[in-house]
Every structure is written in C-alpha cells, then in structure tokens.
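Q: Sharing protein.txt here; it has compact mmCIF, C-alpha atoms (C1' of nucleotides).
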# COMPACT_ATOMS: atom_id res chain seq x y z
CA MET C 1 0.00 0.00 0.00
CA ILE C 2 2.95 2.23 0.71
CA PHE C 3 3.81 2.83 -2.91
CA PHE C 4 0.42 4.34 -3.60
CA SER C 5 0.89 7.14 -1.20
CA SER C 6 3.66 8.29 -3.51
CA ILE C 7 3.49 10.36 -6.66
CA TYR C 8 1.78 7.54 -8.51
CA LEU C 9 -1.56 7.93 -6.84
CA GLY C 10 -1.56 11.68 -7.13
CA TYR C 11 -0.58 11.45 -10.74
CA ILE C 12 -3.33 9.03 -11.59
CA CYS C 13 -5.93 11.05 -9.73
CA PHE C 14 -4.78 14.14 -11.56
CA MET C 15 -5.04 12.51 -14.93
CA GLY C 16 -8.51 11.29 -14.05
CA VAL C 17 -8.31 8.61 -16.74
CA LEU C 18 -6.72 5.58 -15.20
CA ARG C 19 -8.68 3.88 -12.45
CA LYS C 20 -6.92 2.62 -9.32
CA THR C 21 -7.68 -1.01 -9.99
CA LYS C 22 -5.95 -4.05 -8.53
CA SER C 23 -4.23 -4.67 -11.88
CA VAL C 24 -2.87 -1.13 -12.18
CA LYS C 25 -1.54 -1.28 -8.61
CA LEU C 26 0.15 -4.63 -9.21
CA LEU C 27 1.90 -3.44 -12.35
CA LEU C 28 2.99 -0.16 -10.80
CA SER C 29 4.46 -2.01 -7.83
CA GLU C 30 6.63 -4.05 -10.19
CA PHE C 31 8.18 -0.89 -11.57
CA GLU C 32 8.46 0.52 -8.05
CA LYS C 33 10.57 -2.32 -6.73
CA GLN C 34 12.73 -2.66 -9.86
CA SER C 35 14.50 0.29 -11.43
CA THR C 36 15.62 -1.51 -14.58
CA ALA C 37 13.39 -2.11 -17.58
CA ILE C 38 11.04 -5.12 -17.58
CA SER C 39 9.82 -7.05 -20.59
CA ALA C 40 6.11 -7.66 -21.15
CA ILE C 41 6.84 -11.38 -21.21
CA THR C 42 8.47 -11.20 -17.79
CA LEU C 43 5.50 -9.34 -16.36
CA ILE C 44 3.14 -11.95 -17.77
CA GLU C 45 5.20 -14.73 -16.18
CA ARG C 46 5.29 -12.97 -12.82
CA LEU C 47 1.66 -11.92 -12.68
CA GLN C 48 -0.23 -14.52 -14.68
CA SER C 49 -1.75 -16.02 -11.54
CA LYS C 50 -3.08 -12.60 -10.59
CA MET C 51 -4.22 -11.10 -13.87
CA ASN C 52 -4.80 -11.91 -17.54
CA LYS C 53 -2.11 -11.19 -20.11
CA THR C 54 -4.54 -9.07 -22.13
CA THR C 55 -4.96 -6.84 -19.11
CA ILE C 56 -1.21 -6.55 -18.72
CA TYR C 57 -0.76 -5.40 -22.30
CA ARG C 58 -3.66 -2.95 -22.01
CA VAL C 59 -2.53 -1.39 -18.74
CA LEU C 60 1.05 -1.06 -20.01
CA GLU C 61 -0.22 0.67 -23.14
CA LYS C 62 -2.24 3.07 -21.05
CA LEU C 63 0.63 3.82 -18.70
CA GLU C 64 2.74 4.60 -21.73
CA ASP C 65 0.09 6.87 -23.23
CA ASP C 66 -0.04 8.75 -19.95
CA GLY C 67 3.72 9.32 -20.02
CA PHE C 68 4.35 7.07 -17.08
CA LEU C 69 6.30 4.35 -18.84
CA HIS C 70 8.20 4.27 -22.10
CA SER C 71 8.60 1.19 -24.27
CA PHE C 72 11.19 -0.12 -26.67
CA LEU C 73 12.03 -3.35 -28.48
CA GLY C 74 14.79 -5.54 -27.07
CA LYS C 75 16.37 -8.72 -28.40
CA ASN C 76 14.05 -10.81 -30.62
CA GLY C 77 11.69 -7.86 -30.95
CA TYR C 78 10.24 -8.38 -27.48
CA LYS C 79 8.60 -5.36 -25.89
CA TRP C 80 10.23 -3.79 -22.82
CA TYR C 81 8.97 -1.10 -20.48
CA ALA C 82 10.71 1.29 -18.09
CA LYS C 83 9.72 4.25 -15.95
CA CYS C 84 9.79 7.65 -17.61
CA THR C 85 11.64 10.47 -15.93
CA ASN C 86 10.03 13.68 -17.14
CA CYS C 87 7.32 12.71 -19.59
CA SER C 88 3.62 13.50 -19.84
CA SER C 89 0.75 12.35 -22.00
CA ALA C 90 1.53 15.34 -24.22
CA GLU C 91 5.21 14.62 -24.77
CA HIS C 92 7.63 11.73 -24.45
CA HIS C 93 11.20 12.73 -23.69
CA ASP C 94 12.63 9.29 -23.20
CA VAL C 95 14.65 8.81 -26.34
CA HIS C 96 17.72 7.68 -24.42
CA PRO C 97 19.55 4.45 -25.27
CA HIS C 98 19.11 1.19 -23.38
CA PHE C 99 21.63 -1.44 -22.49
CA GLN C 100 20.82 -5.13 -22.51
CA CYS C 101 23.21 -7.71 -21.10
CA THR C 102 23.54 -10.74 -23.34
CA ASP C 103 24.43 -12.88 -20.34
CA CYS C 104 21.85 -12.14 -17.67
CA GLY C 105 19.33 -10.40 -19.96
CA LYS C 106 19.02 -7.37 -17.69
CA VAL C 107 18.13 -4.09 -19.38
CA ASP C 108 18.70 -0.63 -18.00
CA CYS C 109 18.45 2.93 -19.23
CA LEU C 110 21.53 4.97 -20.06
CA SER C 111 21.99 8.69 -19.88
CA LYS C 112 20.69 10.19 -23.09
CA ASP C 113 23.80 12.21 -23.98
CA ALA C 114 25.49 9.09 -25.29
CA LEU C 115 23.74 9.60 -28.60
CA ILE C 116 23.59 12.31 -31.21
CA PRO C 117 20.17 11.98 -32.83
CA ASN C 118 20.54 14.85 -35.27
CA ILE C 119 20.81 13.74 -38.86
CA PRO C 120 21.11 16.28 -41.71
CA ASN C 121 18.06 16.62 -43.98
CA ARG C 122 15.90 14.47 -41.75
CA LYS C 123 13.46 15.13 -38.93
CA VAL C 124 14.09 12.61 -36.18
CA ASP C 125 11.02 11.86 -34.07
CA VAL C 126 11.96 8.63 -32.35
CA SER C 127 15.35 7.23 -31.45
CA ARG C 128 15.27 3.56 -30.59
CA VAL C 129 18.65 2.45 -29.36
CA VAL C 130 19.53 -0.84 -27.76
CA LEU C 131 23.13 -1.65 -27.05
CA GLN C 132 23.91 -5.26 -26.23
CA GLY C 133 26.90 -6.75 -24.50
CA LYS C 134 28.14 -7.64 -21.04
CA CYS C 135 27.08 -5.65 -18.00
CA GLU C 136 29.34 -4.83 -15.06
CA ASP C 137 28.35 -7.96 -13.14
CA CYS C 138 28.70 -10.40 -16.02
CA PHE C 139 31.80 -8.77 -17.50
CA THR C 140 34.24 -9.86 -14.80
CA MET O 1 22.60 -12.30 -65.24
CA ILE O 2 24.77 -9.22 -65.20
CA PHE O 3 24.82 -8.84 -61.44
CA PHE O 4 26.46 -12.23 -60.99
CA SER O 5 29.51 -11.28 -62.90
CA SER O 6 30.18 -8.86 -60.06
CA ILE O 7 31.81 -9.43 -56.69
CA TYR O 8 28.88 -11.51 -55.51
CA LEU O 9 29.70 -14.55 -57.56
CA GLY O 10 33.37 -14.45 -56.74
CA TYR O 11 32.59 -14.02 -53.09
CA ILE O 12 30.31 -17.01 -53.01
CA CYS O 13 32.73 -19.18 -54.93
CA PHE O 14 35.49 -18.18 -52.53
CA MET O 15 33.47 -19.00 -49.46
CA GLY O 16 32.58 -22.34 -50.99
CA VAL O 17 29.58 -22.68 -48.68
CA LEU O 18 26.65 -21.04 -50.35
CA ARG O 19 25.46 -22.61 -53.59
CA LYS O 20 24.57 -20.47 -56.57
CA THR O 21 20.94 -21.49 -56.59
CA LYS O 22 18.04 -19.69 -58.21
CA SER O 23 16.85 -18.51 -54.78
CA VAL O 24 20.20 -17.06 -53.77
CA LYS O 25 20.48 -15.24 -57.09
CA LEU O 26 16.99 -13.81 -56.79
CA LEU O 27 17.61 -12.48 -53.28
CA LEU O 28 21.00 -11.04 -54.15
CA SER O 29 19.49 -9.24 -57.15
CA GLU O 30 17.02 -7.52 -54.83
CA PHE O 31 19.86 -6.05 -52.79
CA GLU O 32 21.72 -5.24 -55.99
CA LYS O 33 18.97 -3.05 -57.41
CA GLN O 34 18.06 -1.38 -54.10
CA SER O 35 20.67 0.25 -51.88
CA THR O 36 18.38 0.83 -48.90
CA ALA O 37 17.49 -1.84 -46.37
CA ILE O 38 14.66 -4.28 -47.15
CA SER O 39 12.39 -6.02 -44.66
CA ALA O 40 11.96 -9.79 -44.72
CA ILE O 41 8.22 -9.24 -45.14
CA THR O 42 8.78 -7.10 -48.22
CA LEU O 43 11.01 -9.74 -49.75
CA ILE O 44 8.37 -12.38 -49.11
CA GLU O 45 5.72 -10.22 -50.79
CA ARG O 46 7.93 -9.56 -53.79
CA LEU O 47 9.21 -13.09 -54.29
CA GLN O 48 6.46 -15.34 -53.00
CA SER O 49 5.53 -16.45 -56.51
CA LYS O 50 9.12 -17.48 -57.10
CA MET O 51 10.20 -19.02 -53.82
CA ASN O 52 8.91 -20.15 -50.44
CA LYS O 53 9.09 -17.84 -47.42
CA THR O 54 11.04 -20.47 -45.48
CA THR O 55 13.71 -20.38 -48.16
CA ILE O 56 13.83 -16.60 -47.98
CA TYR O 57 14.42 -16.64 -44.23
CA ARG O 58 17.04 -19.37 -44.56
CA VAL O 59 18.99 -17.72 -47.36
CA LEU O 60 18.93 -14.36 -45.57
CA GLU O 61 20.28 -16.01 -42.43
CA LYS O 62 23.07 -17.61 -44.39
CA LEU O 63 23.97 -14.38 -46.18
CA GLU O 64 24.17 -12.70 -42.78
CA ASP O 65 26.38 -15.45 -41.35
CA ASP O 66 28.71 -15.03 -44.29
CA GLY O 67 29.01 -11.30 -43.60
CA PHE O 68 27.17 -10.34 -46.74
CA LEU O 69 24.11 -8.79 -45.15
CA HIS O 70 23.45 -7.40 -41.70
CA SER O 71 20.09 -7.44 -39.99
CA PHE O 72 18.26 -5.29 -37.47
CA LEU O 73 14.78 -4.85 -36.08
CA GLY O 74 12.64 -2.00 -37.40
CA LYS O 75 9.21 -0.78 -36.36
CA ASN O 76 6.96 -3.48 -34.87
CA GLY O 77 9.98 -5.73 -34.42
CA TYR O 78 10.08 -6.68 -38.10
CA LYS O 79 13.38 -7.94 -39.40
CA TRP O 80 15.28 -5.81 -41.94
CA TYR O 81 18.35 -6.59 -44.00
CA ALA O 82 20.93 -4.43 -45.73
CA LYS O 83 24.22 -4.97 -47.52
CA CYS O 84 27.35 -5.00 -45.38
CA THR O 85 30.26 -2.82 -46.33
CA ASN O 86 33.36 -4.46 -44.89
CA CYS O 87 32.20 -7.54 -43.05
CA SER O 88 33.15 -11.21 -43.22
CA SER O 89 31.88 -14.42 -41.67
CA ALA O 90 34.50 -13.86 -38.96
CA GLU O 91 33.49 -10.35 -38.00
CA HIS O 92 30.54 -8.02 -38.39
CA HIS O 93 31.40 -4.33 -38.44
CA ASP O 94 27.97 -2.98 -39.24
CA VAL O 95 26.93 -1.50 -35.96
CA HIS O 96 25.89 1.78 -37.57
CA PRO O 97 22.49 3.37 -36.97
CA HIS O 98 19.57 3.09 -39.38
CA PHE O 99 16.94 5.61 -40.30
CA GLN O 100 13.32 4.64 -40.96
CA CYS O 101 10.83 7.12 -42.39
CA THR O 102 7.50 6.99 -40.60
CA ASP O 103 5.76 8.22 -43.75
CA CYS O 104 7.04 6.07 -46.59
CA GLY O 105 8.59 3.33 -44.44
CA LYS O 106 11.92 3.46 -46.25
CA VAL O 107 14.99 2.48 -44.22
CA ASP O 108 18.56 3.39 -44.99
CA CYS O 109 21.91 3.09 -43.29
CA LEU O 110 23.63 6.10 -41.74
CA SER O 111 27.33 6.70 -41.29
CA LYS O 112 28.41 5.02 -38.11
CA ASP O 113 30.10 8.03 -36.53
CA ALA O 114 26.71 9.41 -35.51
CA LEU O 115 26.85 7.21 -32.44
CA ILE O 116 29.17 6.74 -29.52
CA PRO O 117 28.77 3.13 -28.46
CA ASN O 118 31.28 3.26 -25.60
CA ILE O 119 29.67 2.93 -22.19
CA PRO O 120 31.76 2.89 -19.02
CA ASN O 121 31.97 -0.43 -17.17
CA ARG O 122 30.26 -2.31 -19.96
CA LYS O 123 31.46 -4.26 -22.97
CA VAL O 124 29.28 -3.34 -25.94
CA ASP O 125 29.02 -6.11 -28.54
CA VAL O 126 25.99 -5.07 -30.53
CA SER O 127 24.53 -1.65 -31.15
CA ARG O 128 21.04 -1.72 -32.53
CA VAL O 129 19.95 1.78 -33.40
CA VAL O 130 16.87 2.78 -35.34
CA LEU O 131 15.98 6.43 -35.66
CA GLN O 132 12.49 7.16 -36.91
CA GLY O 133 11.08 10.31 -38.42
CA LYS O 134 10.62 12.00 -41.78
CA CYS O 135 13.07 11.46 -44.60
CA GLU O 136 14.14 14.15 -47.04
CA ASP O 137 11.38 13.33 -49.53
CA CYS O 138 8.53 13.15 -47.01
CA PHE O 139 9.75 16.07 -44.90
CA THR O 140 8.92 18.81 -47.39
C1' DT I 1 -27.58 3.17 -3.10
C1' DA I 2 -28.27 3.24 -8.06
C1' DA I 3 -26.49 4.50 -12.57
C1' DT I 4 -22.67 4.97 -15.47
C1' DT I 5 -18.76 3.45 -17.80
C1' DA I 6 -13.97 2.03 -17.65
C1' DA I 7 -11.53 -2.16 -16.92
C1' DC I 8 -11.34 -7.19 -16.85
C1' DG I 9 -11.26 -12.23 -18.29
C1' DC I 10 -11.81 -15.38 -21.66
C1' DA I 11 -11.37 -17.45 -25.91
C1' DA I 12 -10.42 -17.04 -30.32
C1' DC I 13 -7.52 -14.93 -33.44
C1' DC I 14 -3.36 -12.85 -36.16
C1' DA I 15 1.01 -12.98 -38.21
C1' DA I 16 6.21 -13.07 -38.19
C1' DG I 17 9.23 -16.36 -37.92
C1' DT I 18 10.63 -21.59 -37.10
C1' DT I 19 10.95 -26.74 -37.57
C1' DG I 20 10.86 -31.55 -39.55
C1' DC I 21 11.06 -34.09 -43.38
C1' DA I 22 10.72 -35.81 -47.92
C1' DA I 23 11.90 -34.23 -52.61
C1' DT I 24 15.03 -31.70 -55.52
C1' DA I 25 19.07 -29.83 -57.59
C1' DA I 26 23.90 -28.05 -57.16
C1' DA I 27 28.53 -29.55 -56.63
C1' DT I 28 31.88 -33.27 -56.69
C1' DA I 29 33.74 -37.81 -57.82
C1' DT I 30 34.01 -41.52 -61.07
C1' DA G 1 29.05 -37.41 -69.45
C1' DT G 2 27.02 -40.02 -65.54
C1' DA G 3 26.57 -41.36 -60.84
C1' DT G 4 27.04 -39.99 -56.12
C1' DT G 5 26.96 -36.89 -52.49
C1' DT G 6 24.96 -33.39 -49.89
C1' DA G 7 23.25 -28.68 -49.54
C1' DT G 8 18.95 -26.53 -50.59
C1' DT G 9 14.05 -26.22 -51.35
C1' DG G 10 8.87 -26.58 -50.64
C1' DC G 11 5.29 -27.79 -47.93
C1' DA G 12 2.59 -28.08 -44.00
C1' DA G 13 2.30 -27.80 -39.48
C1' DC G 14 3.78 -25.35 -35.55
C1' DT G 15 5.39 -21.64 -32.07
C1' DT G 16 4.54 -17.54 -29.79
C1' DG G 17 4.27 -12.48 -28.78
C1' DG G 18 0.77 -9.67 -29.17
C1' DT G 19 -4.32 -8.26 -30.50
C1' DT G 20 -9.52 -8.21 -30.85
C1' DG G 21 -14.51 -8.80 -29.64
C1' DC G 22 -17.63 -9.21 -26.31
C1' DG G 23 -20.10 -10.26 -22.24
C1' DT G 24 -19.17 -9.58 -17.28
C1' DT G 25 -17.25 -7.13 -13.33
C1' DA G 26 -15.98 -3.38 -10.54
C1' DA G 27 -14.46 1.55 -9.85
C1' DT G 28 -16.29 6.05 -10.12
C1' DT G 29 -20.00 9.49 -10.11
C1' DA G 30 -24.71 11.07 -9.42
Would you mind writing the file's structure down as structure tokens?

A:
Amino acid sequence: MIFFSSIYLGYICFMGVLRKTKSVKLLLSEFEKQSTAISAITLIERLQSKMNKTTIYRVLEKLEDDGFLHSFLGKNGYKWYAKCTNCSSAEHHDVHPHFQCTDCGKVDCLSKDALIPNIPNRKVDVSRVVLQGKCEDCFT
Amino acid sequence: MIFFSSIYLGYICFMGVLRKTKSVKLLLSEFEKQSTAISAITLIERLQSKMNKTTIYRVLEKLEDDGFLHSFLGKNGYKWYAKCTNCSSAEHHDVHPHFQCTDCGKVDCLSKDALIPNIPNRKVDVSRVVLQGKCEDCFT
DNA sequence: TAATTAACGCAACCAAGTTGCAATAAATAT
DNA sequence: ATATTTATTGCAACTTGGTTGCGTTAATTA
C-alpha cells in the first residue's frame, strides 16, 4: 500500500483517466521495486496467476500513453517497459539508449547524452537504441 | 545475369559454402537493385511467386552469417536486412544506426560516426539503433 | 444506493518467424 | 558425361508475442 501514497496515486488522480484497480496497482508495484526495464513477457510470467495477459498489455499501453512508462524493443523484438523520468501524456522525452546484457538479460536505461540523434536533412522523431553486451556484473 | 559477374559470384565461390541457386540469385538481385534496407516481409511479398518464405528466411540467415548482409529490427519488431560494407563471416562491423521514415517506411543506413557506443563499465558487442522520423522526400 | 462506464477475463484470433522431413538440384567424384 | 553426395528447397504444421470482440465485473459518479 505504501507505494500508492507516492506520486503515482496523485498522478493518476490528476489525470482522471486511469482507475486505481488491482491490476494497475500490481503493475505499478513491479516498476516501483525494480528500477531496470522489464519485458512484457516477464511481467506476464510474474503476474499470470493474478491477472490476464490481455490486461497486462492494455494497462502497459495506457501507462505509456499517460507518459508514465516508455517502451522499446529488445532482443528478438520483445517489448520492454521502463519508468519515464520527465514525460507526460503530451510529450515523451525518453529517447535515451538502453543497455541489454547478453548474459543475464538485464536491461537498464543509459543517460541520453550518449547519442547524437541529429541527422542532416531528416526530422528525427523517435530514437530507438539498444546496445547489447556484457554488464558490469557479467563482465568480470 | 549481369549482377552475378560482379563481386557476388566471386565471393560465393570463394566462401565455398553457399550454392549459386536460383533462390540465392533472386535475393542477391534484390539487394543489388536497391541500396536501402529491405524487410523480410517485403522480400516475401515480392518473391512469394518465385520461392517459399522459409527459403527466404534461410537464405537471408546464411547471407548474414557469411558477412554479406546485416540485420536489425525496425518498427513493430520486423526484421530488416541491408548490404554489409566491410564484413566477413568472422566479424561483423555494421553496428551503424539506421533511419526509418514513418511516412514512406523506407529504411537506410547512416554513417556510423553518428553514435558513440562506448559505455563505461560495460562491454558493448551489438549496437542496434533505429531512428524514426521524416526522410528528405517526405519532410517537405 | 443506483447509474454509469472504464476495466477485466476469456477465448479465439493474427502474423512473423521456425521446424521436420521428404523431394530436388547443385557440386563433386568416377 | 554419368553417378554420387549433400546442400537446398517446398510444404505443412507449428510456435509464440501480441491483438480483438464481447459479455461480465468493478471503480467512479450522481
């Protein structure tokens, strides 16, 4: 219950769109206790006893629309989600690169200044970047 | 027939692995007459009267293993292929970013110095970058 | 407490990509 | 040139991440 006294609850109330259902709370708590990105598949595995996979996909989509999560495609084209930092339903700022470890599979967000997304003669709207390799733990 | 008097034929003969079959020739000719990247789906649409989709996937995989094509995931997680510049079966150098137009869907390869793939404390093996937006033609 | 309406569960579906296997056709040996 | 070897192909069936339609349930509002 603790995590719903935080910004989440206020945010949702403010938006007035997303209802505080059991499913929404469960999904939010997953992103509360884990700072790295989580794949949709992983969430389905973890929560399938508690909610339907259709619901998971629909809530994730809504949380992304509201600027609460951002999504990207990892290895094999699987969908991953991570918390946004300064986004809203009006604008998504999270065009930073992600790093996926080929050993443990963990994905986390990198600081966005690692990339120069300005290409001459083109208007860049989305920058989907996934770097793959060995993370600090698996490297040694 | 003309395009098989080029480097392609010599390359294949040298490798001694890939046979000069009708399917291989057909797929190579597609990448000969189009310099931008092509999605697997597009190739299946174009060539389905001439070869089976399984064959298309298998030949593409082999051409990638031999360092002739490189692949990446575009919008929706669809697989795209483009010609390599200086790769071999031993090493793939094509970690450059790609640009996909959200209007016409066209994808082309960008010069690799647009990206800095060095991240502290991590060993980067693969860099999958897809920028999306408007290309020169669709921008105006 | 009742009315409204978003969210849910279920089952069926969609489609990109894969697998097993028998048939075919390149490459190689005779 | 012909036979043998073996990579390649086509087909059909399958796998699976993700979606859709719809009747039911539950959160919000009156």

Q: For a quick test of understanding: name the residues of chain C lying within 12 Å of chain I when counting only C-alpha atoms (C1' of nucleotides), and present them as a list in words.

A: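 Going by the stated atoms only, the list reads Gly16, Val17, Leu18, Arg19, Lys20, Thr21, Lys22, Ser23, Val24, Gln48, Lys50, Met51, Asn52, Lys53, Thr54, Thr55, Ile56, Arg58, Val59, Lys62, Asn76 and Gly77 of chain C.
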
Q: How many Å lie between atom CA of Tyr81 of chain O and atom CA of Ala82 of chain C, rounded to one decimal?

A: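 Atom CA of Ala82 of chain C lies 28.1 Å from atom CA of Tyr81 of chain O.
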
Q: Would you compute the distance between atom CA of Cys135 of chain C and atom CA of Lys123 of chain O? Give it in Å to one decimal.

A: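 Taking atom CA of Cys135 of chain C as the start and atom CA of Lys123 of chain O as the end point, the length is 6.8 Å.
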
Q: May I ask you to extract the residues of chain G within 10 Å of chain C, using all atoms listed in the file, and to give them as a list in words?

A: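 Selected residues: DG17, DG18, DT19, DA26, DA27 and DT28 of chain G.
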
Q: Find the distance between atom C1' of DT20 of chain G and atom CA of Ile44 of chain C and write it in Å to one decimal.

A: 18.6 Å

Q: Would you mind telling me which residue in C:Leu26, C:Leu69, C:Cys138, C:Leu47 lies nearest to chain O when using only C-alpha atoms?

A: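 Looking only at the distances to chain O, the closest residue turns out to be C:Cys138.
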